[in-house]
>>> print(open('target25.csv').read())   # CSV, C-alpha atoms
chain,number,residue,atom,x,y,z
V,1,MET,CA,-31.2,33.7,8.5
V,2,ASN,CA,-29.0,33.9,5.4
V,3,PHE,CA,-29.8,37.1,3.6
V,4,VAL,CA,-27.5,38.5,1.0
V,5,THR,CA,-27.5,42.2,0.1
V,6,ASP,CA,-24.9,44.8,-1.0
V,7,LYS,CA,-26.7,47.4,1.2
V,8,VAL,CA,-24.6,46.3,4.2
V,9,SER,CA,-20.9,45.6,4.2
V,10,LEU,CA,-18.9,43.8,6.9
V,11,GLN,CA,-15.1,44.1,7.5
V,12,VAL,CA,-13.3,42.2,10.2
V,13,ASN,CA,-9.8,43.5,11.3
V,14,GLY,CA,-8.5,41.4,14.2
V,15,ARG,CA,-10.9,41.6,17.1
V,16,VAL,CA,-12.9,44.5,15.6
V,17,ALA,CA,-15.8,44.1,13.1
V,18,THR,CA,-17.0,47.2,11.2
V,19,LEU,CA,-20.6,47.0,10.0
V,20,GLU,CA,-21.4,49.7,7.4
V,21,MET,CA,-24.8,50.7,6.0
V,22,ASN,CA,-24.2,51.1,2.3
V,23,ARG,CA,-26.9,53.3,0.8
V,24,PRO,CA,-25.1,56.6,0.6
V,25,GLU,CA,-27.3,57.9,-2.2
V,26,SER,CA,-30.3,57.9,0.2
V,27,LEU,CA,-28.2,58.9,3.3
V,28,ASN,CA,-28.4,55.2,4.4
V,29,ALA,CA,-32.2,55.3,4.7
V,30,MET,CA,-33.3,52.0,6.1
V,31,ASP,CA,-35.4,49.8,3.8
V,32,ALA,CA,-36.3,46.2,4.4
V,33,ASP,CA,-33.2,44.8,2.7
V,34,LEU,CA,-30.8,47.0,4.7
V,35,ILE,CA,-32.6,46.0,8.0
V,36,LYS,CA,-32.5,42.3,7.1
V,37,GLY,CA,-28.8,42.6,6.0
V,38,LEU,CA,-27.9,44.2,9.4
V,39,ILE,CA,-29.7,41.4,11.3
V,40,CYS,CA,-27.9,38.7,9.2
V,41,LYS,CA,-24.4,40.2,9.7
V,42,LEU,CA,-25.0,40.8,13.4
V,43,LYS,CA,-25.9,37.2,13.9
V,44,GLU,CA,-22.8,36.2,12.0
V,45,ILE,CA,-20.6,38.4,14.2
V,46,SER,CA,-22.4,37.1,17.4
V,47,GLU,CA,-21.3,33.6,16.7
V,48,SER,CA,-17.6,34.5,16.2
V,49,ASP,CA,-15.3,34.0,19.2
V,50,ASP,CA,-12.7,36.2,17.6
V,51,VAL,CA,-14.6,39.5,17.5
V,52,ASP,CA,-14.9,41.6,20.7
V,53,ILE,CA,-16.0,45.0,19.3
V,54,VAL,CA,-18.5,45.9,16.7
V,55,VAL,CA,-18.4,49.4,15.1
V,56,LEU,CA,-21.6,50.5,13.3
V,57,ARG,CA,-21.4,53.3,10.8
V,58,GLY,CA,-22.9,54.7,7.6
V,59,LYS,CA,-21.2,55.1,4.2
V,60,GLY,CA,-20.9,58.6,2.8
V,61,ARG,CA,-22.3,61.8,4.3
V,62,ALA,CA,-24.6,60.3,7.0
V,63,PHE,CA,-25.0,57.6,9.6
V,64,SER,CA,-28.6,57.0,8.7
V,65,SER,CA,-31.5,59.4,7.8
V,66,GLY,CA,-34.0,56.9,9.3
V,67,GLY,CA,-36.7,54.7,7.8
V,68,ASP,CA,-37.0,54.8,4.0
V,69,ILE,CA,-39.6,57.4,3.2
V,70,LYS,CA,-40.5,55.5,0.0
V,71,THR,CA,-41.6,52.6,2.2
V,72,MET,CA,-43.8,55.0,4.2
V,73,LEU,CA,-45.3,56.4,1.0
V,74,SER,CA,-46.4,53.0,-0.3
V,75,ASN,CA,-49.8,52.3,1.0
V,76,MET,CA,-48.7,49.2,2.8
V,77,ASN,CA,-51.5,47.2,4.3
V,78,GLU,CA,-51.1,45.4,7.7
V,79,SER,CA,-49.8,42.2,6.0
V,80,ASP,CA,-46.9,44.1,4.5
V,81,PHE,CA,-46.3,46.6,7.4
V,82,PHE,CA,-46.1,44.2,10.3
V,83,PRO,CA,-43.2,42.0,8.8
V,84,VAL,CA,-41.2,45.2,8.4
V,85,MET,CA,-41.8,46.3,12.0
V,86,ASP,CA,-41.0,42.7,13.2
V,87,ALA,CA,-37.7,42.9,11.3
V,88,ILE,CA,-36.9,46.3,13.0
V,89,SER,CA,-37.7,44.7,16.4
V,90,GLU,CA,-35.4,41.7,15.6
V,91,LEU,CA,-32.6,44.1,14.6
V,92,ILE,CA,-32.9,46.2,17.7
V,93,ILE,CA,-33.0,43.2,20.1
V,94,THR,CA,-30.1,41.5,18.3
V,95,LEU,CA,-28.0,44.6,18.4
V,96,TYR,CA,-28.9,45.4,22.1
V,97,SER,CA,-28.2,41.9,23.3
V,98,ILE,CA,-25.2,40.9,21.1
V,99,PRO,CA,-22.4,39.6,23.4
V,100,LYS,CA,-19.9,42.1,22.0
V,101,LEU,CA,-19.1,45.7,22.8
V,102,THR,CA,-20.8,48.0,20.3
V,103,ILE,CA,-20.0,51.5,19.1
V,104,SER,CA,-22.0,53.8,16.8
V,105,ALA,CA,-19.6,56.1,14.9
V,106,ILE,CA,-21.9,59.0,13.7
V,107,THR,CA,-21.1,61.4,11.0
V,108,GLY,CA,-23.8,63.6,9.4
V,109,ALA,CA,-27.4,62.8,10.3
V,110,ALA,CA,-28.7,60.1,12.7
V,111,ALA,CA,-32.4,60.7,12.5
V,112,GLY,CA,-35.6,58.7,13.3
V,113,LEU,CA,-34.9,55.0,13.1
V,114,GLY,CA,-31.3,55.8,12.4
V,115,PHE,CA,-31.0,57.4,15.9
V,116,SER,CA,-33.0,54.5,17.5
V,117,LEU,CA,-30.4,52.1,16.0
V,118,ALA,CA,-27.5,54.1,17.4
V,119,LEU,CA,-29.2,54.2,20.9
V,120,ALA,CA,-29.2,50.4,20.9
V,121,THR,CA,-25.4,50.3,21.0
V,122,ASP,CA,-23.2,50.6,24.1
V,123,TYR,CA,-21.3,53.8,23.1
V,124,ILE,CA,-22.2,56.6,20.7
V,125,LEU,CA,-19.3,58.6,19.3
V,126,ALA,CA,-20.4,61.6,17.1
V,127,ASP,CA,-18.6,63.9,14.8
V,128,LYS,CA,-18.7,67.6,15.9
V,129,THR,CA,-20.9,68.5,12.9
V,130,SER,CA,-23.3,65.6,13.1
V,131,LYS,CA,-27.0,66.1,13.7
V,132,LEU,CA,-29.3,63.9,15.8
V,133,ALA,CA,-33.0,63.9,15.8
V,134,MET,CA,-35.9,61.8,17.1
V,135,ASN,CA,-38.1,63.5,14.4
V,136,PHE,CA,-41.0,61.1,13.8
V,137,ILE,CA,-43.5,63.7,15.2
V,138,GLY,CA,-42.9,65.8,12.0
V,139,ILE,CA,-44.8,63.3,9.9
V,140,GLY,CA,-47.4,62.5,12.6
V,141,LEU,CA,-45.7,59.2,13.7
V,142,ILE,CA,-44.3,57.9,17.0
V,143,PRO,CA,-40.7,56.7,17.4
V,144,ASP,CA,-40.0,53.1,16.7
V,145,GLY,CA,-36.9,50.9,17.0
V,146,GLY,CA,-37.2,50.8,20.8
V,147,ALA,CA,-36.7,54.6,21.1
V,148,HIS,CA,-39.3,54.9,23.9
V,149,PHE,CA,-37.2,52.4,25.9
V,150,PHE,CA,-33.8,53.9,25.2
V,151,LEU,CA,-34.8,57.5,25.7
V,152,GLU,CA,-36.7,56.8,28.9
V,153,LYS,CA,-33.6,54.9,30.2
V,154,ARG,CA,-31.3,57.8,29.4
V,155,LEU,CA,-33.5,60.8,30.2
V,156,GLY,CA,-36.3,59.6,32.5
V,157,GLU,CA,-39.9,59.6,31.5
V,158,THR,CA,-40.7,63.3,31.4
V,159,ARG,CA,-37.6,64.4,29.5
V,160,ALA,CA,-38.0,61.5,27.1
V,161,LYS,CA,-41.6,62.6,26.3
V,162,HIS,CA,-40.5,66.1,25.5
V,163,VAL,CA,-37.6,65.1,23.3
V,164,ILE,CA,-40.1,62.9,21.3
V,165,TRP,CA,-42.8,65.6,21.2
V,166,ASP,CA,-40.4,68.4,20.2
V,167,GLY,CA,-38.7,66.3,17.5
V,168,LYS,CA,-35.9,68.9,17.2
V,169,MET,CA,-32.6,68.4,15.4
V,170,MET,CA,-29.8,68.4,18.0
V,171,SER,CA,-26.2,69.1,17.6
V,172,ALA,CA,-23.6,66.6,18.9
V,173,GLU,CA,-22.8,68.9,21.8
V,174,GLU,CA,-26.5,69.2,22.8
V,175,ALA,CA,-26.9,65.4,22.6
V,176,LEU,CA,-23.8,64.9,24.8
V,177,LYS,CA,-25.1,67.4,27.3
V,178,TRP,CA,-28.4,65.5,27.5
V,179,GLY,CA,-26.5,62.3,28.0
V,180,LEU,CA,-27.9,60.8,24.8
V,181,ILE,CA,-24.4,60.1,23.4
V,182,GLN,CA,-21.1,59.4,25.1
V,183,GLU,CA,-18.5,61.4,23.2
V,184,VAL,CA,-18.0,64.2,20.6
V,185,ALA,CA,-14.9,63.8,18.5
V,186,GLU,CA,-12.8,67.0,18.8
V,187,GLY,CA,-11.3,66.7,15.3
V,188,ASP,CA,-11.6,64.0,12.8
V,189,LEU,CA,-13.9,61.1,13.8
V,190,GLN,CA,-11.5,58.3,12.9
V,191,PRO,CA,-8.7,59.0,15.4
V,192,ALA,CA,-11.3,59.3,18.2
V,193,LEU,CA,-12.8,56.0,17.1
V,194,GLU,CA,-9.4,54.3,17.0
V,195,ALA,CA,-8.6,55.7,20.5
V,196,ARG,CA,-11.8,54.3,22.0
V,197,VAL,CA,-11.3,50.9,20.3
V,198,THR,CA,-7.7,50.7,21.4
V,199,ASP,CA,-8.7,51.5,25.0
V,200,TRP,CA,-11.4,48.8,25.1
V,201,LEU,CA,-9.1,46.2,23.5
V,202,SER,CA,-6.6,46.8,26.4
V,203,ARG,CA,-9.3,45.9,29.0
V,204,PRO,CA,-10.7,42.6,30.3
V,205,VAL,CA,-13.5,42.6,27.6
V,206,GLN,CA,-15.2,39.5,28.8
V,207,ALA,CA,-15.9,41.1,32.1
V,208,MET,CA,-17.4,44.1,30.3
V,209,VAL,CA,-19.5,41.9,28.1
V,210,LYS,CA,-20.7,39.9,31.1
V,211,THR,CA,-22.0,43.2,32.7
V,212,LYS,CA,-23.7,44.1,29.4
V,213,LYS,CA,-25.4,40.6,29.3
V,214,ILE,CA,-26.7,40.8,32.8
V,215,LEU,CA,-28.3,44.2,32.2
V,216,ALA,CA,-29.6,43.2,28.7
V,217,GLU,CA,-31.1,40.1,30.2
V,218,LYS,CA,-32.8,42.1,32.9
V,219,ASN,CA,-34.2,44.7,30.5
V,220,ARG,CA,-35.0,42.4,27.5
V,221,PRO,CA,-38.7,41.8,28.5
V,222,GLN,CA,-39.3,45.5,28.8
V,223,LEU,CA,-37.6,46.3,25.5
V,224,LEU,CA,-39.6,43.5,23.8
V,225,LYS,CA,-42.9,44.9,25.2
V,226,ILE,CA,-42.0,48.5,24.0
V,227,LEU,CA,-41.2,47.2,20.5
V,228,GLU,CA,-44.6,45.5,20.4
V,229,LEU,CA,-46.4,48.6,21.6
V,230,GLU,CA,-44.5,50.7,19.1
V,231,LYS,CA,-45.4,48.4,16.2
V,232,HIS,CA,-49.2,48.5,17.0
V,233,GLY,CA,-49.0,52.2,17.8
V,234,GLN,CA,-47.3,53.0,14.6
V,235,GLN,CA,-49.9,51.2,12.6
V,236,LYS,CA,-52.6,53.3,14.2
V,237,MET,CA,-50.6,56.5,13.5
V,238,ARG,CA,-50.3,55.6,9.8
V,239,GLU,CA,-54.1,55.7,9.6
V,240,THR,CA,-54.3,59.3,10.9
V,241,LEU,CA,-55.0,62.4,8.8
V,242,ASP,CA,-52.1,64.1,10.5
V,243,HIS,CA,-49.7,61.4,9.2
V,244,GLN,CA,-51.1,61.8,5.6
V,245,GLU,CA,-50.6,65.6,5.9
V,246,GLY,CA,-47.1,65.2,7.3
V,247,ILE,CA,-46.0,63.0,4.4
V,248,LYS,CA,-47.7,65.3,1.9
V,249,ALA,CA,-46.0,68.4,3.4
V,250,PHE,CA,-42.6,66.5,3.4
V,251,ILE,CA,-43.0,65.8,-0.4
V,252,GLU,CA,-44.2,69.4,-1.1
V,253,LYS,CA,-41.4,70.8,1.1
V,254,ARG,CA,-43.7,72.9,3.2
V,255,LYS,CA,-44.7,73.2,6.9
V,256,PRO,CA,-47.5,70.6,7.8
V,257,VAL,CA,-50.9,71.8,9.1
V,258,PHE,CA,-51.9,69.3,11.7
V,259,ILE,CA,-55.5,69.1,13.0
V,260,GLY,CA,-55.1,66.4,15.7
V,261,LYS,CA,-57.0,63.7,13.8
>>> encode(input="target25.csv", output="structure tokens")
Amino acid sequence: MNFVTDKVSLQVNGRVATLEMNRPESLNAMDADLIKGLICKLKEISESDDVDIVVLRGKGRAFSSGGDIKTMLSNMNESDFFPVMDAISELIITLYSIPKLTISAITGAAAGLGFSLALATDYILADKTSKLAMNFIGIGLIPDGGAHFFLEKRLGETRAKHVIWDGKMMSAEEALKWGLIQEVAEGDLQPALEARVTDWLSRPVQAMVKTKKILAEKNRPQLLKILELEKHGQQKMRETLDHQEGIKAFIEKRKPVFIGK
């Protein structure tokens, strides 16, 4: 896949690749081009023997505000919708399985699909002021990007369900307490990120990657199954009256009135 877009930038410095989502004007909302750009760059990094660590971040004020709301607003039929969902699945599987150590460096919002993306990495480092949310429920949708898989792994089934159903915005400290992220930066994010990267670079990285590959290989069939269930489930949710009301309320900046239909 050779897809060129300026919505994703890649910088390689020694053994560290930094992959940056570059749509700051939309808080790095993920449209089809950004998703395909991430897949392409991750596959490129995957084939490099020189890179050991991948840092994923968002340009500007946010990590990622989630799926692009404009894409949701367009009345996509199934023939348009499924390719986007398939691209999301490919992105998540590629990121989860990449034979490198991966870090999400979160500033600002990591919401919806943006949060799912972060959960697919090995280590989440968040700025103290960042906000994390699995907030699909607010517009009558279910989480995608493998969130059902990642949340259930971290929290267990019951707690995962309640995080999804509540859809609340969490502070970095709350997310840390729940075990959803690994670290909250005390001060500026950059020194904390550099400390984590330096520590990992001083370790036998290939042994760490081998452990990651064994667990990823074991879990891959389940993640693929969840991604497929999310794809078909999301299509059904897009047809509900509650989703249409959720989108309408979002545009009109009011509280939605759901009827369970």
>>> atom_distance(input="target25.csv", atom1="atom CA of V:Glu152", atom2="atom CA of V:Pro256")
27.4 Å
>>> residues_near_point(input="target25.csv", point="(-19.7, 49.0, 3.3)", cutoff="10 Å", atoms="only C-alpha atoms", output="PyMOL selection string")
chain V and resi 6-11+18-24+57-60
>>> closest_residue(input="target25.csv", among="V:Ile98, V:Ala172, V:Ile226, V:Leu215", to="V:Pro143", atoms="all atoms listed in the file")
V:Ile226
>>> closest_residue(input="target25.csv", among="V:Gly187, V:Gly233, V:Gly167, V:Gly246", to="V:Thr107", atoms="only C-alpha atoms")
V:Gly187
>>> atom_distance(input="target25.csv", atom1="atom CA of V:Asn28", atom2="atom CA of V:Ala216")
27.1 Å
>>> closest_residue(input="target25.csv", among="V:Gly146, V:Gly140, V:Pro83, V:Gly67", to="V:Arg220", atoms="all atoms listed in the file")
V:Gly146
>>> closest_atom_pairs(input="target25.csv", of="stretch 88-179 of chain V", to="stretch 192-205 of chain V", cutoff="10 Å", atoms="all atoms listed in the file", output="JSON lines")
{"residue": "V:Lys100", "atom": "CA", "partner": "V:Val205", "partner_atom": "CA", "distance": 8.5}
{"residue": "V:Leu101", "atom": "CA", "partner": "V:Val205", "partner_atom": "CA", "distance": 8.0}
{"residue": "V:Thr102", "atom": "CA", "partner": "V:Val197", "partner_atom": "CA", "distance": 9.9}
{"residue": "V:Ile103", "atom": "CA", "partner": "V:Leu193", "partner_atom": "CA", "distance": 8.7}
{"residue": "V:Ser104", "atom": "CA", "partner": "V:Leu193", "partner_atom": "CA", "distance": 9.5}
{"residue": "V:Ala105", "atom": "CA", "partner": "V:Leu193", "partner_atom": "CA", "distance": 7.1}
{"residue": "V:Tyr123", "atom": "CA", "partner": "V:Arg196", "partner_atom": "CA", "distance": 9.6}
{"residue": "V:Leu125", "atom": "CA", "partner": "V:Leu193", "partner_atom": "CA", "distance": 7.3}
{"residue": "V:Ala126", "atom": "CA", "partner": "V:Leu193", "partner_atom": "CA", "distance": 9.4}
{"residue": "V:Asp127", "atom": "CA", "partner": "V:Ala192", "partner_atom": "CA", "distance": 9.3}
>>> closest_residue(input="target25.csv", among="V:Asp166, V:Glu78, V:Asp144, V:Asp68", to="V:Leu27", atoms="all atoms listed in the file")
V:Asp68
>>> atom_distance(input="target25.csv", atom1="atom CA of V:Gly138", atom2="atom CA of V:Ile69")
12.6 Å
>>> closest_residue(input="target25.csv", among="V:Leu224, V:Ile92, V:Glu173, V:Ile164", to="V:Thr129", atoms="all atoms listed in the file")
V:Glu173
>>> closest_residue(input="target25.csv", among="V:Lys153, V:Asp188, V:Ser79, V:Phe258", to="V:Asn219", atoms="all atoms listed in the file")
V:Lys153
>>> residues_around(input="target25.csv", residues="V:Val209", least_positions_apart="2", cutoff="9 Å", atoms="all atoms listed in the file", output="count of residues only")
11
>>> residues_around(input="target25.csv", residues="V:Thr240", least_positions_apart="3", cutoff="6 Å", atoms="all atoms listed in the file", output="list in words")
Met237, His243 and Lys261 of chain V
>>> build_atoms(input="target25.csv", residues="stretch 101-119 of chain V", atoms="N, CA and C atoms", output="PDB file, in the coordinates of the input")
ATOM      1  N   LEU V 101     -18.971  44.299  22.528  1.00  0.00           N
ATOM      2  CA  LEU V 101     -19.100  45.700  22.800  1.00  0.00           C
ATOM      3  C   LEU V 101     -19.379  46.447  21.516  1.00  0.00           C
ATOM      4  N   THR V 102     -20.375  47.335  21.532  1.00  0.00           N
ATOM      5  CA  THR V 102     -20.800  48.000  20.300  1.00  0.00           C
ATOM      6  C   THR V 102     -20.638  49.502  20.343  1.00  0.00           C
ATOM      7  N   ILE V 103     -20.188  50.054  19.226  1.00  0.00           N
ATOM      8  CA  ILE V 103     -20.000  51.500  19.100  1.00  0.00           C
ATOM      9  C   ILE V 103     -20.673  52.006  17.859  1.00  0.00           C
ATOM     10  N   SER V 104     -21.436  53.082  17.988  1.00  0.00           N
ATOM     11  CA  SER V 104     -22.000  53.800  16.800  1.00  0.00           C
ATOM     12  C   SER V 104     -21.039  54.954  16.516  1.00  0.00           C
ATOM     13  N   ALA V 105     -20.508  54.998  15.303  1.00  0.00           N
ATOM     14  CA  ALA V 105     -19.600  56.100  14.900  1.00  0.00           C
ATOM     15  C   ALA V 105     -20.470  56.980  13.938  1.00  0.00           C
ATOM     16  N   ILE V 106     -20.900  58.144  14.444  1.00  0.00           N
ATOM     17  CA  ILE V 106     -21.900  59.000  13.700  1.00  0.00           C
ATOM     18  C   ILE V 106     -21.222  60.164  13.034  1.00  0.00           C
ATOM     19  N   THR V 107     -21.427  60.229  11.720  1.00  0.00           N
ATOM     20  CA  THR V 107     -21.100  61.400  11.000  1.00  0.00           C
ATOM     21  C   THR V 107     -22.415  61.859  10.278  1.00  0.00           C
ATOM     22  N   GLY V 108     -22.597  63.140  10.050  1.00  0.00           N
ATOM     23  CA  GLY V 108     -23.800  63.600   9.400  1.00  0.00           C
ATOM     24  C   GLY V 108     -25.044  63.345  10.231  1.00  0.00           C
ATOM     25  N   ALA V 109     -26.124  62.917   9.578  1.00  0.00           N
ATOM     26  CA  ALA V 109     -27.400  62.800  10.300  1.00  0.00           C
ATOM     27  C   ALA V 109     -27.582  61.369  10.871  1.00  0.00           C
ATOM     28  N   ALA V 110     -28.130  61.347  12.086  1.00  0.00           N
ATOM     29  CA  ALA V 110     -28.700  60.100  12.700  1.00  0.00           C
ATOM     30  C   ALA V 110     -30.069  60.501  13.113  1.00  0.00           C
ATOM     31  N   ALA V 111     -31.042  60.177  12.282  1.00  0.00           N
ATOM     32  CA  ALA V 111     -32.400  60.700  12.500  1.00  0.00           C
ATOM     33  C   ALA V 111     -33.403  59.528  12.535  1.00  0.00           C
ATOM     34  N   GLY V 112     -34.484  59.733  13.285  1.00  0.00           N
ATOM     35  CA  GLY V 112     -35.600  58.700  13.300  1.00  0.00           C
ATOM     36  C   GLY V 112     -35.052  57.365  13.701  1.00  0.00           C
ATOM     37  N   LEU V 113     -35.369  56.381  12.862  1.00  0.00           N
ATOM     38  CA  LEU V 113     -34.900  55.000  13.100  1.00  0.00           C
ATOM     39  C   LEU V 113     -33.419  54.891  13.145  1.00  0.00           C
ATOM     40  N   GLY V 114     -32.728  55.751  12.408  1.00  0.00           N
ATOM     41  CA  GLY V 114     -31.300  55.800  12.400  1.00  0.00           C
ATOM     42  C   GLY V 114     -30.738  56.124  13.826  1.00  0.00           C
ATOM     43  N   PHE V 115     -31.415  57.054  14.501  1.00  0.00           N
ATOM     44  CA  PHE V 115     -31.000  57.400  15.900  1.00  0.00           C
ATOM     45  C   PHE V 115     -31.384  56.317  16.841  1.00  0.00           C
ATOM     46  N   SER V 116     -32.557  55.681  16.650  1.00  0.00           N
ATOM     47  CA  SER V 116     -33.000  54.500  17.500  1.00  0.00           C
ATOM     48  C   SER V 116     -31.892  53.439  17.411  1.00  0.00           C
ATOM     49  N   LEU V 117     -31.418  53.170  16.210  1.00  0.00           N
ATOM     50  CA  LEU V 117     -30.400  52.100  16.000  1.00  0.00           C
ATOM     51  C   LEU V 117     -29.131  52.463  16.779  1.00  0.00           C
ATOM     52  N   ALA V 118     -28.686  53.720  16.702  1.00  0.00           N
ATOM     53  CA  ALA V 118     -27.500  54.100  17.400  1.00  0.00           C
ATOM     54  C   ALA V 118     -27.695  53.975  18.950  1.00  0.00           C
ATOM     55  N   LEU V 119     -28.894  54.310  19.431  1.00  0.00           N
ATOM     56  CA  LEU V 119     -29.200  54.200  20.900  1.00  0.00           C
ATOM     57  C   LEU V 119     -29.149  52.786  21.392  1.00  0.00           C
TER      58      LEU V 119
END
